[in-house]
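Trainee: Sending over data18.tsv (TSV, C-alpha atoms and all ligand atoms).
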chain	number	residue	atom	x	y	z
O	30	MET	CA	60.59	65.90	133.94
O	31	ARG	CA	64.06	66.04	132.30
O	32	TYR	CA	64.60	69.80	132.18
O	33	PHE	CA	63.54	72.54	134.54
O	34	THR	CA	64.12	76.08	133.34
O	35	ASN	CA	60.67	77.66	133.65
O	36	VAL	CA	57.14	77.19	134.98
O	37	HIS	CA	55.99	75.45	131.80
O	38	ASP	CA	58.27	72.48	132.54
O	39	LEU	CA	55.88	71.56	135.38
O	40	VAL	CA	52.79	69.44	134.81
O	41	SER	CA	50.94	72.34	136.45
O	42	LEU	CA	51.67	74.82	139.19
O	43	GLU	CA	48.91	73.32	141.32
O	44	ASP	CA	50.43	69.84	141.00
O	45	ALA	CA	53.92	71.19	141.81
O	46	LEU	CA	52.67	73.00	144.93
O	47	ALA	CA	50.97	69.80	146.14
O	48	LYS	CA	54.20	67.84	145.55
O	49	ALA	CA	56.19	70.51	147.40
O	50	LYS	CA	53.85	70.26	150.38
O	51	TYR	CA	54.45	66.50	150.52
O	52	VAL	CA	58.24	66.95	150.23
O	53	LYS	CA	58.24	69.55	153.01
O	54	ALA	CA	56.26	67.26	155.34
O	55	ASN	CA	58.31	64.15	154.40
O	56	PRO	CA	61.85	65.34	153.62
O	57	TYR	CA	63.47	61.91	154.02
O	58	ALA	CA	60.79	59.79	152.34
O	59	ASP	CA	62.84	59.36	149.14
O	60	GLN	CA	66.32	58.61	150.45
O	61	VAL	CA	66.58	55.52	148.23
O	62	LEU	CA	65.54	57.34	145.05
O	63	GLY	CA	68.87	59.15	144.69
O	64	LYS	CA	71.18	56.34	145.85
O	65	ASN	CA	74.29	56.08	143.62
O	66	LYS	CA	73.09	59.07	141.58
O	67	THR	CA	75.30	62.13	141.34
O	68	LEU	CA	74.22	65.75	141.07
O	69	LEU	CA	76.78	68.12	139.57
O	70	MET	CA	76.22	71.78	140.42
O	71	ILE	CA	78.00	74.23	138.11
O	72	PHE	CA	78.36	77.85	139.22
O	73	PHE	CA	79.46	80.58	136.84
O	74	ASN	CA	78.39	83.13	139.52
O	75	SER	CA	78.38	83.48	143.31
O	76	SER	CA	75.71	81.93	145.50
O	77	LEU	CA	74.85	81.29	149.13
O	78	ARG	CA	71.24	80.03	149.16
O	79	THR	CA	71.17	78.14	145.88
O	80	ARG	CA	74.41	76.35	146.65
O	81	LEU	CA	73.40	75.26	150.16
O	82	SER	CA	69.69	74.55	149.63
O	83	THR	CA	70.18	72.59	146.40
O	84	GLN	CA	72.95	70.51	147.96
O	85	LYS	CA	70.77	69.85	151.03
O	86	ALA	CA	67.87	68.89	148.76
O	87	ALA	CA	70.02	66.36	146.89
O	88	LEU	CA	71.39	64.92	150.16
O	89	ASN	CA	67.82	64.53	151.47
O	90	LEU	CA	67.16	62.43	148.34
O	91	GLY	CA	70.21	60.23	149.05
O	92	MET	CA	72.32	61.61	146.17
O	93	ASN	CA	76.01	62.31	145.91
O	94	VAL	CA	76.85	65.93	145.10
O	95	ILE	CA	79.79	67.56	143.30
O	96	VAL	CA	80.07	71.35	143.14
O	97	LEU	CA	82.21	73.22	140.61
O	98	ASP	CA	82.85	76.96	140.72
O	99	VAL	CA	83.93	77.54	137.15
O	100	ASN	CA	85.71	80.79	138.02
O	101	GLN	CA	87.66	79.32	140.93
O	102	GLY	CA	90.09	76.60	139.97
O	103	ALA	CA	88.62	75.42	136.67
O	104	TRP	CA	89.94	76.43	133.24
O	105	LYS	CA	88.44	79.61	131.89
O	106	LEU	CA	85.85	78.63	129.31
O	107	GLU	CA	85.43	80.02	125.82
O	108	THR	CA	81.69	80.11	125.05
O	109	GLU	CA	81.62	81.38	121.45
O	110	ARG	CA	81.96	78.92	118.59
O	111	GLY	CA	84.36	79.76	115.76
O	112	VAL	CA	86.81	81.93	117.70
O	113	ILE	CA	90.58	81.41	117.38
O	114	MET	CA	91.45	80.42	120.92
O	115	ASP	CA	94.60	82.50	121.40
O	116	SER	CA	93.28	84.48	124.40
O	117	ASP	CA	93.21	83.71	128.14
O	118	LYS	CA	90.60	80.91	127.82
O	119	PRO	CA	92.26	77.48	127.55
O	120	GLU	CA	89.09	75.34	127.21
O	121	HIS	CA	85.97	75.48	125.07
O	122	ILE	CA	82.56	74.98	126.66
O	123	LEU	CA	81.70	72.52	123.85
O	124	GLU	CA	84.23	70.02	125.24
O	125	ALA	CA	83.75	70.99	128.89
O	126	ILE	CA	79.98	70.34	128.90
O	127	PRO	CA	79.99	66.71	127.68
O	128	VAL	CA	82.98	65.99	129.95
O	129	MET	CA	81.03	67.34	132.93
O	130	GLY	CA	78.03	65.28	131.85
O	131	SER	CA	80.15	62.12	131.92
O	132	TYR	CA	80.73	62.48	135.68
O	133	CYS	CA	77.12	62.84	136.83
O	134	ASP	CA	73.46	61.94	136.36
O	135	ILE	CA	71.88	65.40	136.70
O	136	ILE	CA	73.34	68.89	136.18
O	137	GLY	CA	72.30	72.15	137.85
O	138	VAL	CA	73.62	75.33	136.22
O	139	ARG	CA	73.92	78.91	137.45
O	140	ALA	CA	74.85	81.31	134.64
O	141	PHE	CA	73.64	84.91	134.96
O	142	ALA	CA	72.90	87.24	132.10
O	143	GLY	CA	76.00	89.06	130.87
O	144	LEU	CA	73.81	92.17	130.38
O	145	LYS	CA	75.80	93.19	127.29
O	146	ASP	CA	74.26	91.14	124.50
O	147	LYS	CA	70.48	91.09	124.93
O	148	ASP	CA	69.95	88.45	122.25
O	149	ALA	CA	72.53	86.08	123.76
O	150	ASP	CA	70.96	86.56	127.20
O	151	TYR	CA	67.33	86.21	126.08
O	152	ASN	CA	68.17	83.18	123.90
O	153	GLU	CA	69.64	81.53	127.04
O	154	THR	CA	72.75	80.46	125.17
O	155	ILE	CA	74.65	79.02	128.16
O	156	ILE	CA	71.98	76.81	129.75
O	157	ASN	CA	70.74	75.74	126.32
O	158	GLN	CA	74.24	74.50	125.48
O	159	PHE	CA	74.16	72.38	128.65
O	160	ILE	CA	70.77	70.99	127.56
O	161	LYS	CA	72.06	70.29	124.07
O	162	TYR	CA	75.54	68.89	124.77
O	163	SER	CA	75.64	67.39	128.30
O	164	GLY	CA	73.51	64.31	127.58
O	165	ARG	CA	72.00	64.78	131.06
O	166	PRO	CA	68.87	66.27	132.58
O	167	VAL	CA	69.56	69.93	133.38
O	168	PHE	CA	67.91	72.36	135.76
O	169	SER	CA	68.39	76.08	136.21
O	170	MET	CA	69.93	77.48	139.37
O	171	GLU	CA	69.34	80.97	137.83
O	172	ALA	CA	69.95	81.35	134.15
O	173	ALA	CA	70.07	84.54	132.07
O	174	THR	CA	66.37	85.33	132.07
O	175	ARG	CA	64.78	83.27	134.87
O	176	HIS	CA	65.34	81.94	138.40
O	177	PRO	CA	62.69	79.20	138.61
O	178	LEU	CA	63.83	77.49	141.85
O	179	GLN	CA	63.56	80.88	143.56
O	180	THR	CA	60.12	81.59	142.17
O	181	PHE	CA	58.88	78.13	143.06
O	182	ALA	CA	60.03	78.75	146.67
O	183	ASP	CA	58.36	82.18	146.57
O	184	LEU	CA	55.04	80.67	145.52
O	185	ILE	CA	55.27	77.92	148.16
O	186	THR	CA	55.78	80.74	150.69
O	187	ILE	CA	52.84	82.82	149.42
O	188	GLU	CA	50.66	79.70	149.57
O	189	GLU	CA	51.69	79.17	153.21
O	190	TYR	CA	51.16	82.77	154.35
O	191	LYS	CA	48.16	83.98	152.33
O	192	ARG	CA	45.11	85.01	154.37
O	193	VAL	CA	42.68	85.25	151.45
O	194	ALA	CA	42.20	82.99	148.43
O	195	LYS	CA	43.31	85.63	145.90
O	196	PRO	CA	45.81	87.93	147.61
O	197	LYS	CA	47.10	91.14	146.05
O	198	VAL	CA	50.78	90.60	145.28
O	199	VAL	CA	52.98	93.54	144.30
O	200	LEU	CA	56.38	93.21	142.65
O	201	THR	CA	58.24	96.45	143.29
O	202	TRP	CA	61.51	97.63	141.77
O	203	ALA	CA	63.89	99.11	144.36
O	204	PRO	CA	67.29	100.77	143.99
O	205	HIS	CA	70.67	98.99	143.92
O	206	PRO	CA	74.16	100.31	143.12
O	207	ASN	CA	74.97	97.67	140.47
O	208	ALA	CA	73.40	96.36	137.28
O	209	LEU	CA	71.48	93.19	138.15
O	210	PRO	CA	69.76	90.74	135.79
O	211	GLN	CA	65.99	90.80	135.21
O	212	ALA	CA	65.83	87.05	135.92
O	213	VAL	CA	64.21	87.08	139.37
O	214	ALA	CA	61.60	89.65	138.35
O	215	ASN	CA	60.90	87.92	135.01
O	216	SER	CA	60.40	84.56	136.69
O	217	PHE	CA	58.24	85.99	139.44
O	218	ALA	CA	55.98	87.64	136.85
O	219	GLU	CA	55.87	84.53	134.68
O	220	TRP	CA	54.77	82.31	137.59
O	221	MET	CA	52.38	84.87	139.13
O	222	ASN	CA	50.54	84.91	135.82
O	223	GLU	CA	49.83	81.20	136.36
O	224	THR	CA	48.00	81.97	139.64
O	225	ASP	CA	44.73	83.79	140.25
O	226	CYS	CA	46.31	86.34	142.59
O	227	GLU	CA	45.82	90.04	141.80
O	228	PHE	CA	49.28	90.86	140.46
O	229	VAL	CA	50.71	94.38	140.12
O	230	ILE	CA	54.22	95.43	139.05
O	231	THR	CA	55.55	98.86	140.01
O	232	HIS	CA	58.78	100.47	138.80
O	233	PRO	CA	60.13	103.80	137.56
O	234	GLU	CA	59.68	104.63	133.88
O	235	GLY	CA	62.38	102.97	131.80
O	236	TYR	CA	62.40	99.78	133.89
O	237	GLU	CA	59.70	97.99	131.88
O	238	LEU	CA	60.30	94.23	131.73
O	239	SER	CA	59.71	92.08	128.66
O	240	THR	CA	55.97	91.67	128.06
O	241	ALA	CA	56.73	88.00	127.32
O	242	PHE	CA	57.10	87.70	131.12
O	243	THR	CA	54.78	90.39	132.49
O	244	GLY	CA	51.80	89.21	130.41
O	245	LYS	CA	48.53	90.26	131.99
O	246	ALA	CA	50.13	91.95	135.05
O	247	LYS	CA	48.97	95.47	135.86
O	248	ILE	CA	51.83	97.98	135.56
O	249	GLU	CA	51.54	100.88	138.03
O	250	TYR	CA	54.19	103.62	137.90
O	251	ASP	CA	53.06	105.13	141.21
O	252	GLN	CA	54.64	102.90	143.85
O	253	LYS	CA	52.45	104.19	146.71
O	254	ARG	CA	49.27	103.56	144.75
O	255	ALA	CA	50.51	100.05	143.91
O	256	PHE	CA	51.09	99.32	147.62
O	257	GLU	CA	47.50	100.22	148.63
O	258	GLY	CA	45.73	97.12	149.93
O	259	ALA	CA	48.61	94.76	149.07
O	260	ASP	CA	48.90	91.43	150.92
O	261	PHE	CA	52.47	90.71	149.77
O	262	ILE	CA	55.25	93.12	148.78
O	263	TYR	CA	57.95	91.41	146.72
O	264	ALA	CA	60.92	93.75	146.31
O	265	LYS	CA	63.68	93.31	143.73
O	266	ASN	CA	66.08	95.42	141.77
O	267	TRP	CA	66.71	94.83	138.09
O	268	SER	CA	68.60	96.70	135.39
O	269	ALA	CA	66.82	98.19	132.40
O	270	TYR	CA	65.49	95.76	129.80
O	271	ALA	CA	64.33	98.21	127.14
O	272	ASP	CA	66.69	99.48	124.46
O	273	PRO	CA	68.87	101.51	124.27
O	274	ASN	CA	69.55	101.01	128.02
O	275	TYR	CA	69.62	97.19	128.17
O	276	GLY	CA	71.61	96.06	131.22
O	277	LYS	CA	72.14	99.59	132.54
O	278	VAL	CA	71.36	101.27	135.87
O	279	ILE	CA	69.22	104.28	134.95
O	280	SER	CA	68.05	105.17	138.47
O	281	LYS	CA	69.29	104.72	142.03
O	282	ASP	CA	66.38	106.75	143.41
O	283	ARG	CA	66.02	105.93	147.10
O	284	GLU	CA	62.47	107.28	146.98
O	285	TRP	CA	61.77	103.70	145.81
O	286	THR	CA	63.27	102.02	148.92
O	287	VAL	CA	60.63	99.96	150.77
O	288	ASP	CA	60.15	101.58	154.19
O	289	SER	CA	57.59	101.44	157.00
O	290	ASP	CA	55.63	104.47	155.69
O	291	LYS	CA	55.00	102.61	152.43
O	292	MET	CA	54.26	99.32	154.19
O	293	ALA	CA	51.62	101.23	156.23
O	294	LEU	CA	49.67	101.72	152.97
O	295	THR	CA	49.28	97.95	152.54
O	296	ASN	CA	46.87	95.44	154.03
O	297	ASN	CA	49.51	94.61	156.69
O	298	ALA	CA	51.45	92.97	153.85
O	299	TYR	CA	54.20	90.44	154.22
O	300	PHE	CA	57.59	91.58	152.91
O	301	MET	CA	59.48	89.23	150.58
O	302	HIS	CA	62.87	89.34	148.83
O	303	CYS	CA	64.93	86.53	147.30
O	304	LEU	CA	68.13	87.70	149.10
O	305	PRO	CA	70.90	88.75	149.11
O	306	VAL	CA	69.37	92.15	149.89
O	307	ARG	CA	71.03	95.53	150.35
O	308	ARG	CA	69.54	97.11	153.46
O	309	ASN	CA	68.50	100.75	153.21
O	310	MET	CA	68.78	100.57	149.42
O	311	ILE	CA	66.11	97.95	148.70
O	312	VAL	CA	64.44	97.87	152.14
O	313	SER	CA	64.82	99.68	155.45
O	314	ASP	CA	66.20	97.87	158.50
O	315	ASP	CA	62.90	98.15	160.36
O	316	VAL	CA	60.85	96.58	157.54
O	317	ILE	CA	63.17	93.63	157.00
O	318	GLU	CA	63.35	93.06	160.76
O	319	SER	CA	59.58	93.44	161.27
O	320	PRO	CA	57.27	90.51	162.06
O	321	GLN	CA	55.82	90.97	158.55
O	322	SER	CA	59.17	90.12	156.94
O	323	ILE	CA	59.17	86.50	155.73
O	324	VAL	CA	62.52	86.52	153.93
O	325	ILE	CA	63.96	83.75	156.16
O	326	PRO	CA	61.12	81.20	155.72
O	327	GLU	CA	61.14	82.18	152.02
O	328	ALA	CA	64.85	81.27	151.79
O	329	ALA	CA	64.24	78.07	153.78
O	330	ASN	CA	61.68	77.02	151.16
O	331	ARG	CA	64.50	76.94	148.60
O	332	THR	CA	65.34	73.45	149.90
O	333	VAL	CA	61.72	72.41	149.32
O	334	SER	CA	61.54	73.75	145.76
O	335	ALA	CA	64.91	72.19	144.86
O	336	GLN	CA	64.01	68.83	146.40
O	337	THR	CA	60.66	68.74	144.61
O	338	VAL	CA	62.33	69.47	141.26
O	339	ILE	CA	65.28	67.07	141.69
O	340	LYS	CA	62.89	64.33	142.83
O	341	GLU	CA	60.82	64.73	139.63
O	342	ILE	CA	63.99	64.55	137.54
O	343	LEU	CA	65.20	61.42	139.41
O	344	LEU	CA	61.82	59.79	138.74
O	345	SER	CA	62.39	60.36	134.98
O	346	LEU	CA	65.87	58.78	134.83
O	401	LIG	C1	71.42	88.24	141.69
O	401	LIG	C2	70.31	88.72	140.76
O	401	LIG	O1	69.74	89.78	140.99
O	401	LIG	O2	70.01	88.03	139.76
O	401	LIG	C3	71.03	86.94	142.33
O	401	LIG	C4	69.77	86.95	143.09
O	401	LIG	C5	69.36	85.62	143.59
O	401	LIG	N1	71.66	89.21	142.72
O	401	LIG	C6	72.81	89.82	142.90
O	401	LIG	O3	73.72	89.64	142.14
O	401	LIG	C7	72.94	90.74	144.09
O	402	LIG	N1	68.24	83.81	146.24
O	402	LIG	C1	69.35	83.24	145.74
O	402	LIG	O1	69.34	82.58	144.70
O	402	LIG	O2	70.46	83.43	146.50
O	402	LIG	P1	71.94	83.02	146.12
O	402	LIG	O3	72.37	83.93	145.00
O	402	LIG	O4	72.72	83.26	147.38
O	402	LIG	O5	71.97	81.60	145.68
Could you take the file, read its structure, and then write that structure out as structure tokens?
Mentor:
Amino acid sequence: MRYFTNVHDLVSLEDALAKAKYVKANPYADQVLGKNKTLLMIFFNSSLRTRLSTQKAALNLGMNVIVLDVNQGAWKLETERGVIMDSDKPEHILEAIPVMGSYCDIIGVRAFAGLKDKDADYNETIINQFIKYSGRPVFSMEAATRHPLQTFADLITIEEYKRVAKPKVVLTWAPHPNALPQAVANSFAEWMNETDCEFVITHPEGYELSTAFTGKAKIEYDQKRAFEGADFIYAKNWSAYADPNYGKVISKDREWTVDSDKMALTNNAYFMHCLPVRRNMIVSDDVIESPQSIVIPEAANRTVSAQTVIKEILLSL
């Protein structure tokens, strides 16, 4: 595997989950594989989990790691081709990318959706430029439309906690003060459609995601009805996808906050969220602190998903 941006880059989900299980049980089995290989992690946006877990994953594989926060200490990058560069951006991404590639063997990129230009976001212009111009294998640490390392960790977690072969998994929108990308929700839907879980998405009207990601998922506008009999509740906020509101916050309705009354409708469901989470907007204190909350083991599995992916890329070098 040379590129990892979505579920279809894997041989199969089943194969990837089996490899992840091995990596989790044997975290230091491949310390020689990454010797004298350098991972460069490029962040255009903030991160706690992705930064730490991906670095840990690479160290477990014996790699060297360099981290660059583009917005802290690097030159501001122009990303459009053809512009006269007389503004505040001294360097063009078309030089910066191959230069970055010359210092490493593998590149991880975090570049969120700008939420202003839907076509630019949904064409994945930033990560695709890294794929095209870096000369190196590239993996996504959350790009404009997907967050595959997160979703891979989510599915490892569901596999570990499920009590029935085909659990009911519910992705629920929940309120947030700011406009967030659709990436986590898109990815979660895209990967859930590769499983045989019963998969339901619930959100207020106007928050419909792209059908390219939701596929065969059942859309239920009544959140309480969606929660009935659920085995996993996966909460996430996202901004509107549909025009004319692309990238906008159209509701902050706290009726959609996940609380213990709603969790009582479920089949004693586990609560999941990718984090960072806003308490008492997305989820009440008591739900996130309850024994059914698995957000910490879910975050811990980010090391496992990253290590499984980086290992596959190292094997292809
Ligand atoms: C980001 C998002 O929703 O895409 C990153 C989540 C992993 N969240 C925030 O910016 C709060
Ligand atoms: N879940 C996740 O990707 O968290 P960070 O934004 O902190 O990396």
Trainee: Excluding Ser169 in chain O and its own-chain neighbours fewer than 6 positions away, which residues fall within 8 Å of it when counting all atoms listed in the file? Please give them as number ranges by chain.
Mentor: O: 33-34, 137-139, 156, 176-178
Trainee: In Å, rounded to a single decimal, give me how far CA of Leu77 in chain O is from atom O1 of ligand LIG 402 (chain O).
Mentor: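 Interatomic distance, atom O1 of ligand LIG 402 (chain O) to CA of Leu77 in chain O: 7.2 Å.
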Trainee: Set the cut-off to 8 Å, count all atoms listed in the file, and list whatever residues fall near ligand LIG 402 (chain O) as number ranges by chain.
Mentor: O: 75-81, 170-171, 176, 179, 303-305, 328
Trainee: Using CA of Arg254 in chain O and CA of Lys197 in chain O as the two end points, give the distance in Å to one decimal.
Mentor: 12.7 Å
Trainee: Using only C-alpha atoms, can you tell me which of O:Gly244, O:Gly63, O:Pro127, O:Pro210 comes closest to Arg175 in chain O?
Mentor: O:Pro210
Trainee: Between CA of Asn274 in chain O and CA of Gly111 in chain O, what is the distance in Å, rounded to a tenth?
Mentor: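 We find that CA of Asn274 in chain O and CA of Gly111 in chain O lie 28.7 Å from each other.
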